[in-house]
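Undergrad: Just run-v8.pdb, nothing more (PDB, C-alpha atoms):
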```pdb
ATOM      1  CA  MET O  28       0.000   0.000   0.000
ATOM      2  CA  ARG O  29       2.767   2.454   0.944
ATOM      3  CA  GLU O  30       4.638   1.568  -2.239
ATOM      4  CA  VAL O  31       1.566   2.386  -4.339
ATOM      5  CA  LEU O  32       1.236   5.766  -2.650
ATOM      6  CA  ARG O  33       4.968   6.391  -3.109
ATOM      7  CA  MET O  34       4.629   5.722  -6.837
ATOM      8  CA  TYR O  35       2.407   8.777  -7.043
ATOM      9  CA  HIS O  36       5.604  10.822  -7.064
ATOM     10  CA  VAL O  37       7.165   8.764  -9.860
ATOM     11  CA  PHE O  38       4.353   9.033 -12.410
ATOM     12  CA  LYS O  39       1.816  11.662 -13.268
ATOM     13  CA  PHE O  40      -1.094   9.704 -11.817
ATOM     14  CA  TYR O  41      -4.708  10.496 -11.089
ATOM     15  CA  ALA O  42      -7.149   8.141  -9.363
ATOM     16  CA  LEU O  43     -10.716   8.687 -10.504
ATOM     17  CA  THR O  44     -13.295   7.871  -7.838
ATOM     18  CA  LYS O  45     -16.147  10.358  -8.327
ATOM     19  CA  GLN O  46     -18.395  11.839 -10.975
ATOM     20  CA  TRP O  47     -16.956  13.961 -13.757
ATOM     21  CA  SER O  48     -17.917  17.544 -12.968
ATOM     22  CA  GLU O  49     -15.095  20.008 -12.280
ATOM     23  CA  ASP O  50     -12.912  21.457 -15.035
ATOM     24  CA  GLU O  51      -9.804  20.905 -12.940
ATOM     25  CA  GLU O  52     -10.503  17.181 -12.659
ATOM     26  CA  MET O  53     -10.884  16.919 -16.408
ATOM     27  CA  LYS O  54      -7.641  18.820 -16.946
ATOM     28  CA  LEU O  55      -5.790  16.409 -14.645
ATOM     29  CA  LEU O  56      -7.286  13.425 -16.385
ATOM     30  CA  ARG O  57      -6.335  14.687 -19.841
ATOM     31  CA  GLU O  58      -2.767  15.117 -18.637
ATOM     32  CA  ALA O  59      -2.504  11.808 -16.755
ATOM     33  CA  GLU O  60      -0.337   8.978 -18.027
ATOM     34  CA  ILE O  61      -1.706   6.384 -15.582
ATOM     35  CA  ILE O  62      -5.253   6.324 -14.272
ATOM     36  CA  ILE O  63      -7.219   4.096 -11.896
ATOM     37  CA  ALA O  64     -10.908   4.242 -12.701
ATOM     38  CA  ASP O  65     -14.216   2.535 -12.042
ATOM     39  CA  ASN O  66     -15.216   0.944 -15.337
ATOM     40  CA  ASP O  67     -18.515   2.802 -15.682
ATOM     41  CA  LEU O  68     -16.743   6.172 -15.391
ATOM     42  CA  LEU O  69     -13.932   5.100 -17.695
ATOM     43  CA  GLY O  70     -16.431   4.152 -20.393
ATOM     44  CA  THR O  71     -17.789   7.679 -20.610
ATOM     45  CA  GLN O  72     -14.280   9.090 -21.211
ATOM     46  CA  LEU O  73     -12.913   6.341 -23.435
ATOM     47  CA  TYR O  74     -11.946   8.770 -26.228
ATOM     48  CA  ASN O  75     -11.133  11.737 -24.030
ATOM     49  CA  LEU O  76      -7.814  10.772 -22.396
ATOM     50  CA  PRO O  77      -5.113  11.939 -24.847
ATOM     51  CA  ALA O  78      -2.102  11.505 -22.559
ATOM     52  CA  ALA O  79      -3.102   8.167 -21.034
ATOM     53  CA  LYS O  80      -0.897   5.149 -21.655
ATOM     54  CA  TRP O  81      -2.472   2.751 -19.175
ATOM     55  CA  VAL O  82      -5.766   2.700 -17.256
ATOM     56  CA  GLN O  83      -6.334   0.225 -14.444
ATOM     57  CA  GLY O  84     -10.013  -0.629 -14.008
ATOM     58  CA  THR O  85     -11.462  -1.534 -10.630
ATOM     59  CA  TRP O  86     -13.938  -4.173 -11.879
ATOM     60  CA  ALA O  87     -13.607  -7.495 -13.677
ATOM     61  CA  GLY O  88     -16.681  -6.890 -15.862
ATOM     62  CA  VAL O  89     -16.140  -4.519 -18.775
ATOM     63  CA  GLU O  90     -19.652  -4.128 -20.228
ATOM     64  CA  LYS O  91     -19.743  -0.485 -19.116
ATOM     65  CA  ILE O  92     -16.584   0.127 -21.112
ATOM     66  CA  MET O  93     -17.581  -1.891 -24.151
ATOM     67  CA  GLN O  94     -20.913  -0.111 -24.562
ATOM     68  CA  HIS O  95     -18.958   3.085 -25.309
ATOM     69  CA  TYR O  96     -16.490   1.390 -27.638
ATOM     70  CA  ASP O  97     -17.087   2.521 -31.215
ATOM     71  CA  VAL O  98     -15.924  -0.093 -33.712
ATOM     72  CA  THR O  99     -15.921   2.577 -36.445
ATOM     73  CA  LYS O 100     -13.164   4.436 -34.615
ATOM     74  CA  LEU O 101      -9.622   3.461 -33.802
ATOM     75  CA  LYS O 102      -9.217   1.605 -30.536
ATOM     76  CA  PRO O 103      -8.215   3.763 -27.548
ATOM     77  CA  SER O 104      -4.516   4.496 -27.721
ATOM     78  CA  PHE O 105      -3.919   3.324 -24.149
ATOM     79  CA  THR O 106      -3.941  -0.100 -22.511
ATOM     80  CA  ILE O 107      -6.839  -0.990 -20.192
ATOM     81  CA  THR O 108      -6.385  -3.673 -17.559
ATOM     82  CA  ARG O 109      -9.288  -5.362 -15.801
ATOM     83  CA  PHE O 110      -9.133  -5.952 -12.071
ATOM     84  CA  SER O 111      -9.176  -9.715 -11.723
ATOM     85  CA  ASN O 112      -6.593 -12.381 -10.895
ATOM     86  CA  TYR O 113      -6.747 -14.384  -7.666
ATOM     87  CA  PHE O 114      -8.560 -11.646  -5.735
ATOM     88  CA  PHE O 115     -11.967 -12.350  -7.267
ATOM     89  CA  GLY O 116     -11.115 -16.026  -7.657
ATOM     90  CA  THR O 117     -10.536 -16.404  -3.921
ATOM     91  CA  LEU O 118     -13.705 -14.551  -2.933
ATOM     92  CA  MET O 119     -15.865 -16.352  -5.484
ATOM     93  CA  GLY O 120     -14.317 -19.690  -4.503
ATOM     94  CA  GLU O 121     -15.404 -19.033  -0.922
ATOM     95  CA  TYR O 122     -18.918 -18.230  -2.165
ATOM     96  CA  VAL O 123     -19.100 -21.439  -4.188
ATOM     97  CA  ILE O 124     -17.892 -23.686  -1.360
ATOM     98  CA  ALA O 125     -20.152 -22.017   1.208
ATOM     99  CA  ASN O 126     -23.223 -22.420  -0.992
ATOM    100  CA  ILE O 127     -22.510 -26.015  -2.004
ATOM    101  CA  VAL O 128     -22.047 -27.035   1.637
ATOM    102  CA  ASN O 129     -25.113 -25.058   2.690
ATOM    103  CA  HIS O 130     -27.195 -26.728  -0.029
ATOM    104  CA  GLU O 131     -25.894 -30.275   0.337
ATOM    105  CA  ARG O 132     -26.223 -30.314   4.149
ATOM    106  CA  ASN O 133     -29.530 -28.434   4.136
ATOM    107  CA  LEU O 134     -28.256 -25.877   6.617
ATOM    108  CA  MET O 135     -31.250 -23.591   6.021
ATOM    109  CA  THR O 136     -33.435 -26.262   7.642
ATOM    110  CA  VAL O 137     -30.871 -26.746  10.405
ATOM    111  CA  TYR O 138     -31.121 -23.041  11.239
ATOM    112  CA  ARG O 139     -34.925 -23.180  11.233
ATOM    113  CA  ASN O 140     -34.807 -26.254  13.487
ATOM    114  CA  GLN O 141     -32.579 -24.375  15.901
ATOM    115  CA  GLN O 142     -35.082 -21.527  16.118
ATOM    116  CA  ALA O 143     -37.814 -24.087  16.892
ATOM    117  CA  CYS O 144     -35.583 -25.982  19.392
ATOM    118  CA  VAL O 145     -35.817 -29.125  17.228
ATOM    119  CA  TRP O 146     -33.063 -31.780  17.197
ATOM    120  CA  SER O 147     -33.371 -33.520  13.836
ATOM    121  CA  LYS O 148     -31.075 -35.470  11.527
ATOM    122  CA  GLU O 149     -33.710 -36.178   8.905
ATOM    123  CA  GLY O 150     -32.968 -36.202   5.199
ATOM    124  CA  ASN O 151     -29.778 -34.675   3.906
ATOM    125  CA  ILE O 152     -29.062 -32.972   7.215
ATOM    126  CA  SER O 153     -27.182 -36.196   7.971
ATOM    127  CA  ASP O 154     -27.386 -38.091   4.664
ATOM    128  CA  TYR O 155     -25.516 -35.521   2.596
ATOM    129  CA  ARG O 156     -23.153 -35.586  -0.350
ATOM    130  CA  SER O 157     -19.557 -34.532   0.173
ATOM    131  CA  ILE O 158     -17.957 -32.142  -2.300
ATOM    132  CA  SER O 159     -15.652 -35.056  -3.122
ATOM    133  CA  ASP O 160     -18.722 -36.918  -4.438
ATOM    134  CA  LEU O 161     -19.562 -34.173  -6.916
ATOM    135  CA  ALA O 162     -18.726 -33.380 -10.510
ATOM    136  CA  VAL O 163     -18.650 -29.611 -10.937
ATOM    137  CA  GLY O 164     -18.692 -27.860 -14.286
ATOM    138  CA  ILE O 165     -17.261 -24.353 -14.534
ATOM    139  CA  LEU O 166     -18.364 -22.275 -17.515
ATOM    140  CA  GLY O 167     -15.438 -19.944 -18.114
ATOM    141  CA  VAL O 168     -12.045 -21.043 -16.808
ATOM    142  CA  GLY O 169      -9.997 -17.894 -17.148
ATOM    143  CA  MET O 170      -8.179 -16.514 -14.132
ATOM    144  CA  ILE O 171     -11.260 -16.489 -11.894
ATOM    145  CA  GLY O 172     -12.679 -19.821 -13.026
ATOM    146  CA  THR O 173      -9.316 -21.573 -12.709
ATOM    147  CA  ASP O 174      -8.920 -20.257  -9.180
ATOM    148  CA  ILE O 175     -12.393 -21.585  -8.291
ATOM    149  CA  ALA O 176     -11.357 -24.934  -9.770
ATOM    150  CA  LYS O 177      -8.278 -24.937  -7.543
ATOM    151  CA  THR O 178     -10.454 -24.366  -4.478
ATOM    152  CA  LEU O 179     -12.837 -27.159  -5.484
ATOM    153  CA  LYS O 180      -9.948 -29.580  -6.032
ATOM    154  CA  THR O 181      -8.868 -28.930  -2.438
ATOM    155  CA  PHE O 182     -12.125 -30.707  -1.515
ATOM    156  CA  ARG O 183     -11.488 -33.406  -4.155
ATOM    157  CA  ALA O 184     -14.331 -32.516  -6.521
ATOM    158  CA  ARG O 185     -14.115 -33.689 -10.111
ATOM    159  CA  VAL O 186     -13.911 -30.476 -12.127
ATOM    160  CA  TRP O 187     -15.003 -29.901 -15.718
ATOM    161  CA  GLY O 188     -14.147 -26.629 -17.459
ATOM    162  CA  MET O 189     -15.718 -25.015 -20.518
ATOM    163  CA  VAL O 190     -13.411 -22.884 -22.666
ATOM    164  CA  ARG O 191     -13.706 -20.953 -25.944
ATOM    165  CA  THR O 192     -10.849 -22.923 -27.469
ATOM    166  CA  MET O 193      -9.175 -26.064 -26.173
ATOM    167  CA  PRO O 194      -5.786 -25.337 -24.550
ATOM    168  CA  ASN O 195      -2.596 -27.179 -25.420
ATOM    169  CA  GLU O 196      -1.550 -29.875 -22.976
ATOM    170  CA  ASN O 197       1.126 -27.661 -21.451
ATOM    171  CA  LYS O 198      -1.432 -24.892 -20.877
ATOM    172  CA  LYS O 199      -4.019 -27.045 -19.102
ATOM    173  CA  SER O 200      -4.606 -26.462 -15.402
ATOM    174  CA  PRO O 201      -3.828 -29.371 -13.047
ATOM    175  CA  HIS O 202      -7.024 -28.418 -11.193
ATOM    176  CA  ILE O 203      -9.337 -29.191 -14.135
ATOM    177  CA  ASP O 204      -9.998 -32.849 -14.900
ATOM    178  CA  GLU O 205     -12.012 -32.447 -18.106
ATOM    179  CA  TYR O 206     -11.870 -29.632 -20.651
ATOM    180  CA  ARG O 207     -14.695 -29.063 -23.111
ATOM    181  CA  SER O 208     -15.192 -26.376 -25.735
ATOM    182  CA  SER O 209     -18.408 -24.371 -25.871
ATOM    183  CA  SER O 210     -19.636 -26.625 -28.689
ATOM    184  CA  ASP O 211     -19.511 -29.533 -26.232
ATOM    185  CA  LEU O 212     -21.543 -27.706 -23.569
ATOM    186  CA  PRO O 213     -24.406 -30.286 -23.639
ATOM    187  CA  GLU O 214     -21.964 -33.052 -22.661
ATOM    188  CA  LEU O 215     -20.669 -31.017 -19.736
ATOM    189  CA  LEU O 216     -24.207 -30.264 -18.549
ATOM    190  CA  ARG O 217     -25.153 -33.952 -18.671
ATOM    191  CA  ASN O 218     -22.192 -35.004 -16.539
ATOM    192  CA  CYS O 219     -22.108 -32.419 -13.746
ATOM    193  CA  ASP O 220     -23.930 -32.141 -10.409
ATOM    194  CA  TYR O 221     -23.238 -28.404 -10.206
ATOM    195  CA  ILE O 222     -22.894 -25.903 -13.039
ATOM    196  CA  ILE O 223     -21.026 -22.729 -12.099
ATOM    197  CA  SER O 224     -21.185 -19.865 -14.588
ATOM    198  CA  VAL O 225     -18.362 -17.352 -14.286
ATOM    199  CA  LEU O 226     -18.923 -16.089 -17.839
ATOM    200  CA  PRO O 227     -18.696 -12.398 -18.739
ATOM    201  CA  SER O 228     -21.383 -10.770 -20.864
ATOM    202  CA  THR O 229     -20.218 -10.909 -24.484
ATOM    203  CA  PRO O 230     -21.970 -11.582 -27.807
ATOM    204  CA  ASP O 231     -20.815 -15.216 -27.493
ATOM    205  CA  THR O 232     -22.159 -15.754 -23.966
ATOM    206  CA  ILE O 233     -25.442 -13.820 -23.964
ATOM    207  CA  GLY O 234     -28.247 -16.391 -23.933
ATOM    208  CA  LEU O 235     -25.840 -19.355 -23.914
ATOM    209  CA  LEU O 236     -28.165 -21.284 -21.560
ATOM    210  CA  ASN O 237     -31.405 -20.040 -23.138
ATOM    211  CA  GLY O 238     -34.184 -22.171 -24.593
ATOM    212  CA  GLU O 239     -33.894 -25.861 -23.776
ATOM    213  CA  MET O 240     -30.111 -25.936 -23.261
ATOM    214  CA  LEU O 241     -30.637 -26.586 -19.547
ATOM    215  CA  LYS O 242     -32.621 -29.714 -20.439
ATOM    216  CA  HIS O 243     -29.226 -31.401 -20.689
ATOM    217  CA  CYS O 244     -28.948 -30.993 -16.903
ATOM    218  CA  ALA O 245     -31.994 -33.247 -16.338
ATOM    219  CA  GLN O 246     -29.982 -36.462 -16.064
ATOM    220  CA  LYS O 247     -28.324 -35.308 -12.837
ATOM    221  CA  ARG O 248     -30.833 -32.588 -11.933
ATOM    222  CA  ALA O 249     -27.914 -30.242 -11.478
ATOM    223  CA  VAL O 250     -27.715 -27.119  -9.352
ATOM    224  CA  LEU O 251     -26.894 -23.916 -11.244
ATOM    225  CA  ILE O 252     -24.680 -21.330  -9.537
ATOM    226  CA  ASN O 253     -24.449 -18.072 -11.503
ATOM    227  CA  ILE O 254     -21.762 -15.660 -10.342
ATOM    228  CA  GLY O 255     -20.767 -14.333 -13.774
ATOM    229  CA  ARG O 256     -23.423 -12.277 -15.538
ATOM    230  CA  GLY O 257     -27.199 -12.619 -15.584
ATOM    231  CA  SER O 258     -27.319 -12.357 -19.371
ATOM    232  CA  VAL O 259     -26.062 -15.940 -19.784
ATOM    233  CA  VAL O 260     -29.629 -17.233 -19.325
ATOM    234  CA  ARG O 261     -33.002 -15.630 -19.855
ATOM    235  CA  GLU O 262     -34.829 -15.749 -16.532
ATOM    236  CA  GLU O 263     -38.036 -17.169 -18.008
ATOM    237  CA  ASP O 264     -35.981 -20.085 -19.383
ATOM    238  CA  LEU O 265     -34.355 -20.553 -15.990
ATOM    239  CA  VAL O 266     -37.770 -20.643 -14.288
ATOM    240  CA  ASN O 267     -38.909 -23.172 -16.898
ATOM    241  CA  ALA O 268     -35.875 -25.391 -16.229
ATOM    242  CA  LEU O 269     -36.608 -25.333 -12.491
ATOM    243  CA  ASN O 270     -40.313 -26.023 -12.923
ATOM    244  CA  ASN O 271     -39.578 -28.946 -15.266
ATOM    245  CA  GLY O 272     -37.042 -30.426 -12.855
ATOM    246  CA  TRP O 273     -34.134 -30.124 -15.286
ATOM    247  CA  LEU O 274     -32.416 -28.160 -12.516
ATOM    248  CA  SER O 275     -33.001 -29.134  -8.899
ATOM    249  CA  ALA O 276     -31.988 -25.691  -7.628
ATOM    250  CA  ALA O 277     -30.388 -22.391  -8.571
ATOM    251  CA  ILE O 278     -28.064 -20.204  -6.505
ATOM    252  CA  LEU O 279     -28.030 -16.803  -8.139
ATOM    253  CA  ASP O 280     -25.859 -13.761  -7.493
ATOM    254  CA  VAL O 281     -26.375 -11.983 -10.837
ATOM    255  CA  PHE O 282     -29.471 -11.144 -12.869
ATOM    256  CA  GLU O 283     -30.624  -9.658 -16.154
ATOM    257  CA  MET O 284     -31.882  -6.619 -14.239
ATOM    258  CA  GLU O 285     -30.305  -5.437 -11.000
ATOM    259  CA  PRO O 286     -31.603  -4.846  -8.423
ATOM    260  CA  LEU O 287     -33.903  -7.806  -9.064
ATOM    261  CA  PRO O 288     -37.483  -6.445  -9.181
ATOM    262  CA  ALA O 289     -39.707  -7.519  -6.304
ATOM    263  CA  SER O 290     -42.211  -8.860  -8.852
ATOM    264  CA  ASN O 291     -39.691 -11.347 -10.288
ATOM    265  CA  ALA O 292     -40.831 -14.974  -9.885
ATOM    266  CA  LEU O 293     -37.363 -16.091  -8.738
ATOM    267  CA  TRP O 294     -37.834 -14.436  -5.332
ATOM    268  CA  THR O 295     -40.542 -16.851  -4.240
ATOM    269  CA  MET O 296     -39.326 -20.118  -5.783
ATOM    270  CA  PRO O 297     -38.292 -22.539  -3.006
ATOM    271  CA  GLN O 298     -35.550 -24.016  -5.216
ATOM    272  CA  VAL O 299     -33.814 -20.647  -5.555
ATOM    273  CA  LYS O 300     -31.345 -18.847  -3.312
ATOM    274  CA  ILE O 301     -30.662 -15.195  -4.137
ATOM    275  CA  THR O 302     -27.762 -12.955  -3.146
ATOM    276  CA  PRO O 303     -27.391  -9.292  -4.251
ATOM    277  CA  HIS O 304     -24.300  -9.481  -6.528
ATOM    278  CA  VAL O 305     -21.826  -9.893  -3.689
ATOM    279  CA  SER O 306     -19.976 -13.133  -4.526
ATOM    280  CA  GLY O 307     -16.831 -11.175  -5.395
ATOM    281  CA  MET O 308     -16.670  -7.584  -4.222
ATOM    282  CA  THR O 309     -14.031  -5.068  -5.285
ATOM    283  CA  ARG O 310     -12.026  -4.311  -2.149
ATOM    284  CA  PRO O 311      -9.745  -1.239  -2.122
ATOM    285  CA  GLN O 312      -6.841  -3.131  -0.581
ATOM    286  CA  ASP O 313      -7.000  -5.730  -3.354
ATOM    287  CA  VAL O 314      -7.128  -3.104  -6.113
ATOM    288  CA  ALA O 315      -4.065  -1.432  -4.578
ATOM    289  CA  LEU O 316      -2.082  -4.677  -4.541
ATOM    290  CA  PHE O 317      -3.105  -5.576  -8.100
ATOM    291  CA  PHE O 318      -2.227  -2.083  -9.294
ATOM    292  CA  LYS O 319       1.129  -2.189  -7.512
ATOM    293  CA  ASP O 320       2.104  -5.442  -9.230
ATOM    294  CA  ASN O 321       1.076  -4.078 -12.614
ATOM    295  CA  LEU O 322       2.868  -0.809 -11.985
ATOM    296  CA  PHE O 323       6.183  -2.597 -11.431
ATOM    297  CA  LYS O 324       5.595  -4.469 -14.701
ATOM    298  CA  TYR O 325       4.719  -1.222 -16.468
ATOM    299  CA  ARG O 326       7.955   0.378 -15.318
ATOM    300  CA  ALA O 327       9.937  -2.671 -16.454
ATOM    301  CA  ASN O 328       8.156  -2.763 -19.857
ATOM    302  CA  LYS O 329       6.742  -6.211 -19.066
ATOM    303  CA  PRO O 330       3.269  -7.458 -20.106
ATOM    304  CA  LEU O 331       0.516  -6.312 -17.747
ATOM    305  CA  ASP O 332      -2.010  -8.649 -16.139
ATOM    306  CA  GLY O 333      -5.667  -8.479 -17.128
ATOM    307  CA  ILE O 334      -5.383  -6.587 -20.431
ATOM    308  CA  LEU O 335      -8.777  -5.904 -22.015
ATOM    309  CA  ASP O 336      -9.121  -7.462 -25.467
ATOM    310  CA  PHE O 337     -11.619  -5.294 -27.380
ATOM    311  CA  GLU O 338     -12.104  -8.008 -30.017
ATOM    312  CA  LYS O 339     -13.179 -10.607 -27.445
ATOM    313  CA  GLY O 340     -15.025  -8.138 -25.247
ATOM    314  CA  TYR O 341     -13.232  -9.066 -22.015
TER     315      TYR O 341
END
```
Would you mind writing the file out in structure tokens?

TA:
Amino acid sequence: MREVLRMYHVFKFYALTKQWSEDEEMKLLREAEIIIADNDLLGTQLYNLPAAKWVQGTWAGVEKIMQHYDVTKLKPSFTITRFSNYFFGTLMGEYVIANIVNHERNLMTVYRNQQACVWSKEGNISDYRSISDLAVGILGVGMIGTDIAKTLKTFRARVWGMVRTMPNENKKSPHIDEYRSSSDLPELLRNCDYIISVLPSTPDTIGLLNGEMLKHCAQKRAVLINIGRGSVVREEDLVNALNNGWLSAAILDVFEMEPLPASNALWTMPQVKITPHVSGMTRPQDVALFFKDNLFKYRANKPLDGILDFEKGY
């Protein structure tokens, strides 16, 4: 942290944390070589930072940047790095493990029994599956997904990973037992007890689980955990999959519309657990550490971590 603050004196640096309003702020930004910015604010100034060489975003998701990207223009002249790496992977891994254990051991009922002073071992309170019994499919095994896989392997799960393109043998993670491309998604869905979506929102991922795709989960009546983006599945198709028993449950942290409207059917479905987009929060101390590591690489002319690829959209 102190090193990051010290670097302020080495580079012309401006950290953007509030709304664009004062002329002086805009002057500083136009002169800045390095900028830290929330992605929604960066998007609005994508073509208005003439001196910038590198901008460090504070989010993993880049939709708010991409919606301002004009394909008819030249790409921004500066590098943008997403905030990602093991920081989100660790937090989201904790979320995944906590929710699998909570679901498999029926801890919601245990808590209700405690309130009613009831001692009960009925059902899966005692007859539960261990994580080591489960096959878990991760949709999106970039930095975050691979870190979640590592956490799951600690508990001896069998991990499947869906990727855009199959990696070479020397690029495969030791924490992923089975790799499948997106064209083989139905096979992954048929073989996994849990499906974890960590996918960003891109033209390739929007609606990936729409229609009857989730019917492939029926064989194992999988549980869907969505901690990526809500756009991966239309909510009416998700409700249909739950009502038809293709999915036995859904644990949802992201939605097509946020906050989730009170009228949405998902709120009252007993098979659904809802959290308010908190599976992986941006923490200032983590952003500072990530920025510090990238800053040393920037000074040494080494490749930065988390570079935004405008062609891929993430």

Undergrad: Could you state the separation of atom CA of O:Leu161 and atom CA of O:Gly272 in Å, given to one decimal place?

TA: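 Computed distance, atom CA of O:Leu161 to atom CA of O:Gly272, equals 18.8 Å.
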
Undergrad: Under the PyMOL selection byres ((chain O and resi 253) around 6), which residues of this model are included? Write them out as a PyMOL selection string.

TA: chain O and resi 223-224+252+254-255+279

Undergrad: Got a sec to resolve the PyMOL selection byres ((chain O and resi 131-140) around 10) on this structure and send the residues as a PyMOL selection string?

TA: chain O and resi 126-130+141-158

Undergrad: Any chance you could export the current selection's C-alpha atoms as a PDB file, keeping the file's coordinate frame?

TA:
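In the end it all went to again.pdb:
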```pdb
ATOM      1  CA  ASN O 126     -23.223 -22.420  -0.992  1.00  0.00           C
ATOM      2  CA  ILE O 127     -22.510 -26.015  -2.004  1.00  0.00           C
ATOM      3  CA  VAL O 128     -22.047 -27.035   1.637  1.00  0.00           C
ATOM      4  CA  ASN O 129     -25.113 -25.058   2.690  1.00  0.00           C
ATOM      5  CA  HIS O 130     -27.195 -26.728  -0.029  1.00  0.00           C
ATOM      6  CA  GLN O 141     -32.579 -24.375  15.901  1.00  0.00           C
ATOM      7  CA  GLN O 142     -35.082 -21.527  16.118  1.00  0.00           C
ATOM      8  CA  ALA O 143     -37.814 -24.087  16.892  1.00  0.00           C
ATOM      9  CA  CYS O 144     -35.583 -25.982  19.392  1.00  0.00           C
ATOM     10  CA  VAL O 145     -35.817 -29.125  17.228  1.00  0.00           C
ATOM     11  CA  TRP O 146     -33.063 -31.780  17.197  1.00  0.00           C
ATOM     12  CA  SER O 147     -33.371 -33.520  13.836  1.00  0.00           C
ATOM     13  CA  LYS O 148     -31.075 -35.470  11.527  1.00  0.00           C
ATOM     14  CA  GLU O 149     -33.710 -36.178   8.905  1.00  0.00           C
ATOM     15  CA  GLY O 150     -32.968 -36.202   5.199  1.00  0.00           C
ATOM     16  CA  ASN O 151     -29.778 -34.675   3.906  1.00  0.00           C
ATOM     17  CA  ILE O 152     -29.062 -32.972   7.215  1.00  0.00           C
ATOM     18  CA  SER O 153     -27.182 -36.196   7.971  1.00  0.00           C
ATOM     19  CA  ASP O 154     -27.386 -38.091   4.664  1.00  0.00           C
ATOM     20  CA  TYR O 155     -25.516 -35.521   2.596  1.00  0.00           C
ATOM     21  CA  ARG O 156     -23.153 -35.586  -0.350  1.00  0.00           C
ATOM     22  CA  SER O 157     -19.557 -34.532   0.173  1.00  0.00           C
ATOM     23  CA  ILE O 158     -17.957 -32.142  -2.300  1.00  0.00           C
TER      24      ILE O 158
END
```

Undergrad: When the PyMOL selection byres ((chain O and resi 67) around 10) is applied to the structure above, which residues does it catch, written out as a PyMOL selection string?

TA: chain O and resi 64-66+68-72+84-86+88-95

Undergrad: Which residues come within 10 Å of O:Phe318, counting all atoms listed in the file, excluding same-chain residues fewer than 6 positions away, as a compact mmCIF listing (two decimals) with C-alpha atoms, in the frame of the given file?

TA:
```
# COMPACT_ATOMS: atom_id res chain seq x y z
CA MET O 28 0.00 0.00 0.00
CA VAL O 31 1.57 2.39 -4.34
CA ILE O 63 -7.22 4.10 -11.90
CA VAL O 82 -5.77 2.70 -17.26
CA GLN O 83 -6.33 0.22 -14.44
CA GLY O 84 -10.01 -0.63 -14.01
CA THR O 85 -11.46 -1.53 -10.63
CA THR O 108 -6.38 -3.67 -17.56
CA PHE O 110 -9.13 -5.95 -12.07
CA GLN O 312 -6.84 -3.13 -0.58
CA LYS O 324 5.60 -4.47 -14.70
CA LEU O 331 0.52 -6.31 -17.75
CA ASP O 332 -2.01 -8.65 -16.14
```

Undergrad: Pick out the residues sitting within 8 Å of O:Asn218, and hand them over as a CSV table (one decimal) with C-alpha atoms, in the frame of the given file; count all atoms listed in the file, and ignore anything fewer than 5 positions along from it in its own chain.

TA:
```csv
chain,number,residue,atom,x,y,z
O,162,ALA,CA,-18.7,-33.4,-10.5
O,244,CYS,CA,-28.9,-31.0,-16.9
O,246,GLN,CA,-30.0,-36.5,-16.1
O,247,LYS,CA,-28.3,-35.3,-12.8
```

Undergrad: O:Ile278, O:Val163, O:Leu335, O:Ala268: which is nearest O:Leu216, counting only C-alpha atoms?

TA: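 Ranked by minimum distance to O:Leu216, first place goes to O:Val163.
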